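> Got a file for you: coords_22.tsv, TSV, C-alpha atoms.
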```
chain	number	residue	atom	x	y	z
U	196	ALA	CA	139.97	233.97	-48.50
U	197	VAL	CA	139.79	237.71	-49.11
U	198	ARG	CA	139.70	237.18	-52.84
U	199	HIS	CA	136.93	234.58	-52.56
U	200	ALA	CA	134.81	236.69	-50.20
U	201	ALA	CA	135.21	239.73	-52.41
U	202	THR	CA	134.48	237.93	-55.66
U	203	THR	CA	131.27	236.31	-54.45
U	204	ARG	CA	129.86	239.67	-53.36
U	205	ARG	CA	131.23	241.78	-56.20
U	206	PRO	CA	128.47	244.05	-57.60
U	207	ASP	CA	130.11	244.53	-61.00
U	208	PRO	CA	132.58	241.90	-62.30
U	209	GLY	CA	134.07	244.47	-64.64
U	210	LEU	CA	135.44	246.74	-61.93
U	211	PRO	CA	139.27	246.43	-61.85
U	212	LEU	CA	139.64	246.81	-58.09
U	213	PRO	CA	142.29	245.07	-55.95
U	214	PRO	CA	140.87	242.30	-53.70
U	215	LEU	CA	140.91	244.31	-50.49
U	216	MET	CA	139.33	247.32	-52.12
U	217	ILE	CA	136.56	245.11	-53.46
U	218	GLY	CA	135.88	243.83	-49.97
U	219	ALA	CA	135.92	247.34	-48.53
U	220	CYS	CA	133.42	248.55	-51.12
U	221	VAL	CA	130.85	245.80	-50.69
U	222	ILE	CA	131.37	244.79	-47.09
U	223	ALA	CA	127.96	246.17	-46.09
U	224	SER	CA	126.20	243.46	-48.07
U	225	ALA	CA	127.33	240.80	-45.62
U	226	TRP	CA	125.46	242.57	-42.83
U	227	LEU	CA	122.06	242.05	-44.41
U	228	GLY	CA	120.00	240.00	-41.99
U	229	PHE	CA	122.59	240.19	-39.19
U	230	THR	CA	121.90	241.92	-35.89
U	231	ALA	CA	124.65	242.22	-33.30
U	232	PRO	CA	123.50	240.85	-29.93
U	233	GLY	CA	122.16	243.09	-27.16
U	234	LEU	CA	124.07	246.26	-26.45
U	235	LEU	CA	126.36	245.59	-29.39
U	236	GLU	CA	123.56	246.30	-31.83
U	237	GLY	CA	123.54	249.99	-30.96
U	238	LEU	CA	127.33	250.23	-30.60
U	239	VAL	CA	127.92	248.60	-33.98
U	240	ALA	CA	125.36	250.90	-35.62
U	241	GLN	CA	127.18	253.91	-34.14
U	242	LYS	CA	130.49	252.58	-35.36
U	243	ARG	CA	129.25	252.02	-38.90
U	244	ARG	CA	128.08	255.65	-39.01
U	245	GLU	CA	131.52	256.66	-37.80
U	246	VAL	CA	133.12	254.63	-40.59
U	247	GLU	CA	131.01	256.49	-43.14
U	248	ARG	CA	132.43	259.74	-41.77
U	249	LEU	CA	135.93	258.28	-42.01
U	250	ARG	CA	135.38	257.72	-45.73
U	251	LEU	CA	135.17	261.51	-46.15
U	252	GLN	CA	138.69	262.00	-44.74
U	253	PRO	CA	141.58	262.80	-47.14
U	254	GLU	CA	143.31	259.56	-46.10
U	255	ALA	CA	140.35	257.57	-47.44
U	256	ARG	CA	140.45	259.08	-50.92
U	257	GLU	CA	141.67	257.05	-53.86
U	258	ASP	CA	145.27	258.17	-53.35
U	259	GLY	CA	145.02	258.49	-49.56
U	260	SER	CA	147.26	256.61	-47.16
U	261	TRP	CA	144.47	254.39	-45.79
U	262	THR	CA	143.24	253.43	-49.23
U	263	LEU	CA	146.75	252.65	-50.41
U	264	ARG	CA	147.32	250.44	-47.39
U	265	LEU	CA	144.19	248.51	-48.31
U	266	SER	CA	145.10	248.23	-51.98
U	267	TYR	CA	148.43	246.42	-51.79
U	268	PRO	CA	149.88	243.60	-49.67
U	269	ALA	CA	152.41	244.74	-47.07
U	270	SER	CA	156.05	244.18	-47.95
U	271	LYS	CA	156.70	242.81	-44.45
U	272	ALA	CA	154.59	241.52	-41.57
U	273	SER	CA	154.72	242.30	-37.88
U	274	TYR	CA	154.87	239.43	-35.41
U	275	ARG	CA	155.86	241.61	-32.49
U	276	LEU	CA	152.89	240.67	-30.32
U	277	ALA	CA	153.20	236.94	-30.98
U	278	ARG	CA	156.91	237.03	-30.19
U	279	SER	CA	156.33	239.01	-27.02
U	280	LEU	CA	153.70	236.56	-25.83
U	281	GLY	CA	155.94	233.63	-26.69
U	282	TRP	CA	154.89	230.07	-27.33
U	283	ARG	CA	153.84	228.04	-24.30
U	284	ARG	CA	155.86	230.36	-22.12
U	285	GLN	CA	156.68	229.31	-18.56
U	286	LYS	CA	155.68	232.64	-17.04
U	287	LEU	CA	152.26	234.15	-17.58
U	288	ALA	CA	152.13	237.12	-19.94
U	289	VAL	CA	150.49	240.31	-18.67
U	290	LEU	CA	148.99	242.98	-20.92
U	291	ALA	CA	147.36	246.27	-19.97
U	292	ASP	CA	144.14	247.63	-21.46
U	293	LEU	CA	144.56	251.41	-21.51
U	294	LYS	CA	141.20	253.18	-21.59
U	295	ARG	CA	139.54	256.08	-19.83
U	296	THR	CA	136.02	254.65	-19.82
U	297	ALA	CA	134.22	251.37	-20.49
U	298	PRO	CA	130.72	250.58	-21.81
U	299	GLY	CA	127.99	250.40	-19.18
U	300	ARG	CA	125.01	248.06	-19.05
U	301	LYS	CA	122.80	250.37	-21.10
U	302	LEU	CA	123.41	251.91	-24.48
U	303	GLY	CA	124.98	255.34	-24.03
U	304	GLU	CA	126.18	254.66	-20.49
U	305	VAL	CA	129.90	254.51	-19.69
U	306	GLU	CA	131.84	253.71	-16.56
U	307	THR	CA	134.93	255.69	-15.62
U	308	VAL	CA	138.12	253.62	-15.54
U	309	ALA	CA	140.99	256.13	-15.65
U	310	GLU	CA	139.63	259.57	-16.47
U	311	THR	CA	143.04	261.27	-16.27
U	312	LEU	CA	144.89	258.60	-18.24
U	313	ALA	CA	148.05	259.95	-19.86
U	314	VAL	CA	149.04	257.40	-22.48
U	315	PRO	CA	152.79	258.26	-22.69
U	316	LEU	CA	153.16	257.84	-18.91
U	317	ALA	CA	151.17	254.61	-19.00
U	318	ILE	CA	153.48	253.30	-21.72
U	319	ASP	CA	156.51	254.15	-19.56
U	320	ALA	CA	154.97	252.22	-16.65
U	321	ALA	CA	154.16	249.23	-18.87
U	322	ILE	CA	157.73	249.08	-20.15
U	323	GLU	CA	159.10	249.38	-16.62
U	324	GLN	CA	156.87	246.52	-15.46
U	325	LYS	CA	157.96	244.44	-18.48
U	326	LEU	CA	154.43	243.87	-19.74
U	327	ALA	CA	153.94	241.79	-22.87
U	328	GLY	CA	151.85	244.45	-24.62
U	329	VAL	CA	149.27	247.20	-24.26
U	330	LEU	CA	145.85	247.77	-25.78
U	331	VAL	CA	145.34	251.45	-26.59
U	332	ALA	CA	141.75	252.58	-27.08
U	333	ILE	CA	141.10	254.79	-30.10
U	334	ASP	CA	137.30	254.70	-29.76
U	335	LYS	CA	135.93	257.80	-28.03
U	336	THR	CA	132.30	256.83	-27.42
U	337	CYS	CA	132.91	253.64	-25.43
U	338	TYR	CA	136.48	253.90	-24.23
U	339	GLY	CA	137.28	257.61	-24.11
U	340	GLY	CA	140.18	257.14	-26.49
U	341	ALA	CA	141.36	258.86	-29.65
U	342	PRO	CA	143.63	258.14	-32.63
U	343	ALA	CA	146.10	260.61	-31.09
U	344	ASP	CA	146.49	258.21	-28.14
U	345	LEU	CA	147.67	255.45	-30.47
U	346	LEU	CA	150.11	257.83	-32.14
U	347	ASP	CA	151.43	258.94	-28.73
U	348	ALA	CA	151.87	255.32	-27.70
U	349	ARG	CA	153.76	254.48	-30.90
U	350	ASN	CA	156.10	257.44	-30.49
U	351	ARG	CA	156.76	256.63	-26.84
U	352	VAL	CA	157.46	252.98	-27.56
U	353	ASP	CA	159.86	253.88	-30.38
U	354	SER	CA	161.69	256.36	-28.15
U	355	ALA	CA	162.07	253.75	-25.42
U	356	TYR	CA	163.34	251.23	-27.98
U	357	GLU	CA	166.22	253.52	-28.87
U	358	LEU	CA	167.30	253.50	-25.23
U	359	SER	CA	166.55	249.95	-24.10
U	360	GLY	CA	166.38	247.89	-27.28
U	361	GLU	CA	162.96	246.53	-26.24
U	362	ARG	CA	159.82	247.42	-28.16
U	363	LEU	CA	156.46	247.03	-26.41
U	364	PRO	CA	153.72	245.72	-28.77
U	365	VAL	CA	150.85	248.19	-29.23
U	366	ILE	CA	147.35	246.89	-29.99
U	367	ALA	CA	144.71	249.28	-31.32
U	368	LYS	CA	141.42	248.83	-29.44
U	369	ASP	CA	138.29	249.76	-31.37
U	370	ILE	CA	134.98	248.21	-32.36
U	371	ILE	CA	136.18	247.20	-35.80
U	372	VAL	CA	133.55	246.53	-38.45
U	373	ASP	CA	135.33	247.68	-41.62
U	374	PRO	CA	138.78	247.21	-43.22
U	375	LEU	CA	139.21	250.99	-43.32
U	376	GLN	CA	139.57	251.00	-39.52
U	377	ILE	CA	142.39	248.46	-39.75
U	378	ALA	CA	144.13	250.60	-42.35
U	379	ARG	CA	143.85	253.64	-40.09
U	380	ALA	CA	145.26	251.73	-37.11
U	381	ALA	CA	148.17	250.44	-39.19
U	382	SER	CA	148.91	253.95	-40.45
U	383	LEU	CA	148.99	255.20	-36.86
U	384	GLY	CA	151.59	252.60	-35.95
U	385	ALA	CA	149.65	249.74	-34.37
U	386	ASP	CA	151.38	246.37	-34.26
U	387	ALA	CA	148.01	244.63	-33.92
U	388	VAL	CA	144.30	245.34	-33.74
U	389	LEU	CA	141.55	243.91	-31.55
U	390	LEU	CA	138.83	242.09	-33.49
U	391	ILE	CA	135.70	241.49	-31.42
U	392	VAL	CA	133.98	238.55	-33.11
U	393	ALA	CA	130.53	239.40	-31.73
U	394	ALA	CA	130.74	242.86	-33.31
U	395	CYS	CA	131.91	241.79	-36.77
U	396	THR	CA	130.64	238.22	-37.19
U	397	PRO	CA	129.48	238.47	-40.85
U	398	ASP	CA	132.81	239.81	-42.08
U	399	PHE	CA	135.18	238.42	-39.47
U	400	PRO	CA	136.98	236.21	-42.06
U	401	LEU	CA	137.47	239.23	-44.34
U	402	LEU	CA	138.73	241.43	-41.50
U	403	LEU	CA	141.13	238.73	-40.28
U	404	ASP	CA	142.51	238.26	-43.77
U	405	THR	CA	142.78	242.02	-44.15
U	406	CYS	CA	145.10	242.04	-41.15
U	407	THR	CA	147.21	239.27	-42.67
U	408	ILE	CA	147.58	240.99	-46.04
U	409	MET	CA	148.35	244.34	-44.39
U	410	GLY	CA	151.04	242.76	-42.23
U	411	ILE	CA	149.34	243.55	-38.92
U	412	GLU	CA	148.45	241.05	-36.21
U	413	ALA	CA	144.92	240.42	-34.93
U	414	LEU	CA	144.03	239.73	-31.32
U	415	VAL	CA	140.67	237.99	-31.64
U	416	GLU	CA	138.18	238.42	-28.79
U	417	VAL	CA	135.61	235.68	-28.15
U	418	HIS	CA	133.02	235.00	-25.46
U	419	THR	CA	130.90	232.04	-26.62
U	420	PRO	CA	131.55	228.53	-28.00
U	421	ASP	CA	130.27	229.57	-31.43
U	422	GLU	CA	132.73	232.47	-31.53
U	423	VAL	CA	135.56	230.11	-30.55
U	424	VAL	CA	134.63	227.82	-33.43
U	425	LEU	CA	134.53	230.71	-35.90
U	426	ALA	CA	137.89	232.06	-34.73
U	427	SER	CA	139.44	228.59	-34.93
U	428	GLU	CA	138.08	227.82	-38.38
U	429	CYS	CA	139.38	231.14	-39.70
U	430	GLY	CA	142.87	230.43	-38.36
U	431	ALA	CA	143.10	232.97	-35.54
U	432	SER	CA	146.39	232.43	-33.71
U	433	LEU	CA	146.01	235.03	-30.94
U	434	ILE	CA	142.77	234.58	-29.01
U	435	LEU	CA	141.41	236.62	-26.10
U	436	VAL	CA	138.55	235.11	-24.10
U	437	ASN	CA	136.52	237.85	-22.42
U	438	GLU	CA	134.42	236.89	-19.41
U	439	ARG	CA	132.41	240.06	-19.88
U	440	ASP	CA	129.44	239.50	-22.15
U	441	ARG	CA	129.41	242.47	-24.52
U	442	ALA	CA	125.76	241.85	-25.30
U	443	THR	CA	124.73	242.57	-21.70
U	444	GLY	CA	127.77	244.29	-20.20
U	445	GLN	CA	127.76	241.73	-17.39
U	446	LEU	CA	130.53	239.45	-16.19
U	447	VAL	CA	130.09	235.69	-16.52
U	448	PRO	CA	132.48	234.28	-13.91
U	449	GLY	CA	134.07	231.03	-15.03
U	450	GLN	CA	133.40	231.55	-18.74
U	451	ALA	CA	137.10	231.61	-19.67
U	452	ARG	CA	137.82	228.46	-17.70
U	453	ALA	CA	134.82	226.69	-19.21
U	454	LEU	CA	135.85	227.57	-22.76
U	455	ALA	CA	139.51	226.62	-22.27
U	456	PRO	CA	139.19	223.03	-23.61
U	457	ALA	CA	137.57	224.34	-26.80
U	458	LEU	CA	140.45	226.68	-27.68
U	459	PRO	CA	142.79	225.61	-30.49
U	460	LEU	CA	145.95	223.96	-29.22
U	461	ASP	CA	148.13	225.82	-31.70
U	462	ALA	CA	146.91	229.29	-30.63
U	463	THR	CA	148.22	231.63	-27.96
U	464	CYS	CA	145.28	232.24	-25.63
U	465	LEU	CA	144.68	235.08	-23.18
U	466	ALA	CA	141.86	235.78	-20.75
U	467	THR	CA	140.30	239.03	-19.55
U	468	GLY	CA	137.25	240.42	-17.81
U	469	GLY	CA	136.94	241.13	-14.10
U	470	ILE	CA	140.42	239.88	-13.17
U	471	THR	CA	141.28	241.49	-9.84
U	472	THR	CA	143.03	238.85	-7.72
U	473	ILE	CA	146.03	236.57	-7.98
U	474	GLU	CA	143.74	233.59	-7.22
U	475	GLN	CA	141.76	234.27	-10.41
U	476	VAL	CA	145.00	234.47	-12.36
U	477	ARG	CA	146.20	231.14	-10.98
U	478	GLN	CA	142.93	229.46	-11.95
U	479	LEU	CA	143.28	230.76	-15.49
U	480	ARG	CA	146.87	229.61	-15.63
U	481	ASN	CA	145.86	226.14	-14.47
U	482	ALA	CA	143.19	226.10	-17.17
U	483	GLY	CA	145.92	226.56	-19.77
U	484	TYR	CA	145.92	230.26	-20.58
U	485	ASP	CA	149.16	231.87	-21.71
U	486	GLY	CA	148.43	235.29	-20.27
U	487	VAL	CA	145.89	237.80	-18.98
U	488	VAL	CA	144.76	241.27	-19.97
U	489	LEU	CA	144.07	243.63	-17.08
U	490	GLY	CA	141.54	246.36	-17.84
U	491	ARG	CA	139.47	248.09	-15.17
U	492	ALA	CA	141.72	246.68	-12.45
U	493	TYR	CA	144.94	247.94	-14.00
U	494	PRO	CA	144.99	251.68	-13.15
U	495	GLY	CA	146.25	252.69	-9.73
U	496	SER	CA	148.33	251.07	-7.02
U	497	LEU	CA	146.17	247.93	-6.73
U	498	GLY	CA	146.71	247.22	-10.40
U	499	ARG	CA	150.46	247.60	-10.06
U	500	GLN	CA	150.43	245.26	-7.06
U	501	LEU	CA	148.51	242.66	-9.04
U	502	VAL	CA	150.95	242.89	-11.95
U	503	ASP	CA	153.89	242.48	-9.56
U	504	ALA	CA	152.22	239.47	-7.94
U	505	ILE	CA	151.64	237.81	-11.31
U	506	LEU	CA	155.19	238.37	-12.46
U	507	ARG	CA	156.55	236.97	-9.18
U	508	GLU	CA	154.81	233.64	-9.79
U	509	GLU	CA	157.20	230.72	-10.16
U	510	PRO	CA	157.96	229.70	-13.77
U	511	ARG	CA	156.46	226.39	-14.78
U	512	SER	CA	155.53	224.50	-17.88
U	513	ARG	CA	152.08	225.16	-19.26
U	514	ILE	CA	149.78	222.55	-17.76
U	515	VAL	CA	146.15	222.11	-18.67
U	516	GLU	CA	144.01	220.71	-15.86
U	517	ARG	CA	141.14	218.35	-16.48
U	518	ILE	CA	137.79	220.14	-16.78
U	519	THR	CA	134.51	218.26	-16.56
U	520	THR	CA	130.92	219.31	-17.07
U	521	ASP	CA	130.64	219.60	-13.29
U	522	ASP	CA	133.30	222.34	-13.36
U	523	VAL	CA	131.34	224.29	-15.92
U	524	GLY	CA	128.64	225.06	-13.34
U	525	SER	CA	126.23	227.74	-14.48
U	526	VAL	CA	128.14	228.58	-17.64
U	527	ASP	CA	126.13	227.21	-20.56
U	528	ILE	CA	128.52	225.99	-23.24
U	529	GLY	CA	126.34	223.07	-24.26
U	530	GLN	CA	126.42	219.56	-22.79
U	531	ASP	CA	127.62	217.88	-25.98
U	532	LEU	CA	130.44	220.38	-26.46
U	533	ALA	CA	131.56	220.12	-22.84
U	534	GLU	CA	131.68	216.32	-22.94
U	535	GLU	CA	133.41	216.25	-26.32
U	536	LEU	CA	136.15	218.64	-25.35
U	537	ILE	CA	137.29	217.14	-22.05
U	538	PHE	CA	140.90	216.06	-22.23
U	539	GLU	CA	143.71	215.07	-19.90
U	540	PRO	CA	146.95	217.08	-19.37
```
Since I need it in another form, could you write the structure as C-alpha cells?

Amino acid sequence: AVRHAATTRRPDPGLPLPPLMIGACVIASAWLGFTAPGLLEGLVAQKRREVERLRLQPEAREDGSWTLRLSYPASKASYRLARSLGWRRQKLAVLADLKRTAPGRKLGEVETVAETLAVPLAIDAAIEQKLAGVLVAIDKTCYGGAPADLLDARNRVDSAYELSGERLPVIAKDIIVDPLQIARAASLGADAVLLIVAACTPDFPLLLDTCTIMGIEALVEVHTPDEVVLASECGASLILVNERDRATGQLVPGQARALAPALPLDATCLATGGITTIEQVRQLRNAGYDGVVLGRAYPGSLGRQLVDAILREEPRSRIVERITTDDVGSVDIGQDLAEELIFEP
C-alpha cells in the first residue's frame, strides 16, 4: 500500500528513492483540496509548519537517524501494546493519557490537566496500578508535552523492566500528519503512536503502513462512522473511539456506544473522552469495548480511585449488548448505518 501510494504521486519516476522516502517527499500533494474539520484545521496547519522545522534537524538529513528509519523496513516489529491489551480479555484494560494540557474550544486555547506532571513518577504509578499502557504527549502546543517526556518514559519503563520483568507499553501522542513524526517517535523509544484519523485523513493509509514497515504499532483514533470505515478498510487493529469531537472540542455523550456495532470484530477497541465514573465504564464494557483510556480524569486521587474501581470489576467474557436506533438517541450515525449494523450477542 505504501509502494502504491508513493508511486501514483511520484513527481519524477527516475528518482531512486525507497518507498517510504518517496511517500515522505510527496505527502503534501495528498492534502490538496482537503481541509481538516473545525478546530483541527488550525492545529493541523500548525503541525505541518512544525514538521517543516523538523526537516531542518540533523536527524532528518539524508544520513540522519529519522531518515534511515524511514528508508528501510524494521528488522523486527513491536506488538507490545496488542499483547498488553490482550484479545477479548475478561477484564477491562485501562490506559492513562499523560498530558499537562488539552485543547480548548477555540484555536489557541488550552485547558490545564496536570500542570506539574512528572512523567517518570507517572510511569511508576501506572506500573504499580498494572495499567495496560500509557499515552505520552510529545506535542507542546496542545498537550504541554515534549520529546524529552517520551524519552523519560522509555528509560523509566526499561528500568522497571529490569526489576519486575514487566514492560509497560508507551504510546507517543502527537497530531501526526507526516511519516517523519513517526520516525522521530520510534527513535525516542515509542512502542506505538496515536494516529488521529480526522487530522490525517488524506494520508492515513500511508501513515498506517509507515507504522507497519517501521515495526511500530498504531493506535487509531476515530470519532465518526466515516472514520470507522476508513480505519477498518485500511486494516487498523487497535482502534480508539473518542467521544470528544476534535472539530469542536465538545463531548458527544453516547458516541462510543453508538459506534460500537460498526467497529471491526477482529480489532481491539478502546473508548475515551469524558470518562469519569464507573457507570460509564460499565456501559462501555457492555457495548463491547476491550478497554478505556483515562485522560483529564486520570490525574489526582479521583483518577486513582476510578482505576482501582475498574480493576476490581469481576472478570467476565466479552459480551456485546444489542443496540438499536432508539439507543442511539441524539448521536447522528445515519439511520441506514444504524439499522444495518444491529446484531445480537
> Go through U:Lys301, U:Arg507, U:Arg284, U:Arg275 one by one, measure the shortest atom-to-atom distance of each to Ala385 of chain U using all atoms listed in the file, and give the residue with the smallest value.
U:Arg275
> So that I can check the surroundings of Leu316 of chain U, please list as an mmCIF file with C-alpha atoms, in the coordinates of the input every protein, DNA and RNA residue that reaches within 12 Å of it, counting all atoms listed in the file and ignoring chain neighbours fewer than 5 positions away.

```
data_model
loop_
_atom_site.group_PDB
_atom_site.id
_atom_site.type_symbol
_atom_site.label_atom_id
_atom_site.label_comp_id
_atom_site.auth_asym_id
_atom_site.auth_seq_id
_atom_site.Cartn_x
_atom_site.Cartn_y
_atom_site.Cartn_z
ATOM 1 C CA LEU U 293 144.560 251.410 -21.510
ATOM 2 C CA THR U 311 143.040 261.270 -16.270
ATOM 3 C CA ALA U 321 154.160 249.230 -18.870
ATOM 4 C CA ILE U 322 157.730 249.080 -20.150
ATOM 5 C CA GLU U 323 159.100 249.380 -16.620
ATOM 6 C CA ASP U 344 146.490 258.210 -28.140
ATOM 7 C CA ASP U 347 151.430 258.940 -28.730
ATOM 8 C CA ALA U 348 151.870 255.320 -27.700
ATOM 9 C CA ASN U 350 156.100 257.440 -30.490
ATOM 10 C CA ARG U 351 156.760 256.630 -26.840
ATOM 11 C CA VAL U 352 157.460 252.980 -27.560
ATOM 12 C CA ALA U 355 162.070 253.750 -25.420
ATOM 13 C CA PRO U 494 144.990 251.680 -13.150
#
```
> Taking 4 positions as the minimum chain separation for residues in the same chain, which residues sit within 9 Å of Leu235 of chain U when counting only C-alpha atoms? Answer as a list in words.
Thr230, Ala231, Val239, Ala240, Leu302, Ala393, Ala394, Arg441, Ala442 and Thr443 of chain U
> Those selected residues, please, written with C-alpha atoms and delivered as an mmCIF file, in the frame of the given file.

```
data_model
loop_
_atom_site.group_PDB
_atom_site.id
_atom_site.type_symbol
_atom_site.label_atom_id
_atom_site.label_comp_id
_atom_site.auth_asym_id
_atom_site.auth_seq_id
_atom_site.Cartn_x
_atom_site.Cartn_y
_atom_site.Cartn_z
ATOM 1 C CA THR U 230 121.900 241.920 -35.890
ATOM 2 C CA ALA U 231 124.650 242.220 -33.300
ATOM 3 C CA VAL U 239 127.920 248.600 -33.980
ATOM 4 C CA ALA U 240 125.360 250.900 -35.620
ATOM 5 C CA LEU U 302 123.410 251.910 -24.480
ATOM 6 C CA ALA U 393 130.530 239.400 -31.730
ATOM 7 C CA ALA U 394 130.740 242.860 -33.310
ATOM 8 C CA ARG U 441 129.410 242.470 -24.520
ATOM 9 C CA ALA U 442 125.760 241.850 -25.300
ATOM 10 C CA THR U 443 124.730 242.570 -21.700
#
```
> Compile the contact shell of Glu310 of chain U as a list in words: residues with an atom at most 10 Å away, counting all atoms listed in the file, same-chain residues fewer than 3 positions apart removed.
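Listed by chain and then number, they are Lys294, Arg295, Thr296, Glu306, Thr307, Ala313 and Gly339 of chain U.
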> Set the distance at 6 Å and use all atoms listed in the file: which residues neighbour Cys464 of chain U once local chain neighbours fewer than 4 positions away are removed? I'd like the list as a list of chain:residue names.
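The neighbour list is U:Ile434, U:Leu435, U:Tyr484, U:Asp485.
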> At what distance in Å, to one decimal, does atom CA of Lys242 of chain U lie from atom CA of Ile371 of chain U?
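Value for the atom CA of Ile371 of chain U-atom CA of Lys242 of chain U distance: 7.8 Å.
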> For Val329 of chain U, find every residue with an atom within 10 Å (counting all atoms listed in the file), except residues of its own chain fewer than 4 positions away, and show them as a list in words.
Leu276, Val289, Leu290, Ala291, Asp292, Leu293, Ala317, Ile318, Ala321, Ile322, Ala348, Leu363, Pro364, Val365, Ile366, Ala367, Lys368, Val488 and Leu489 of chain U
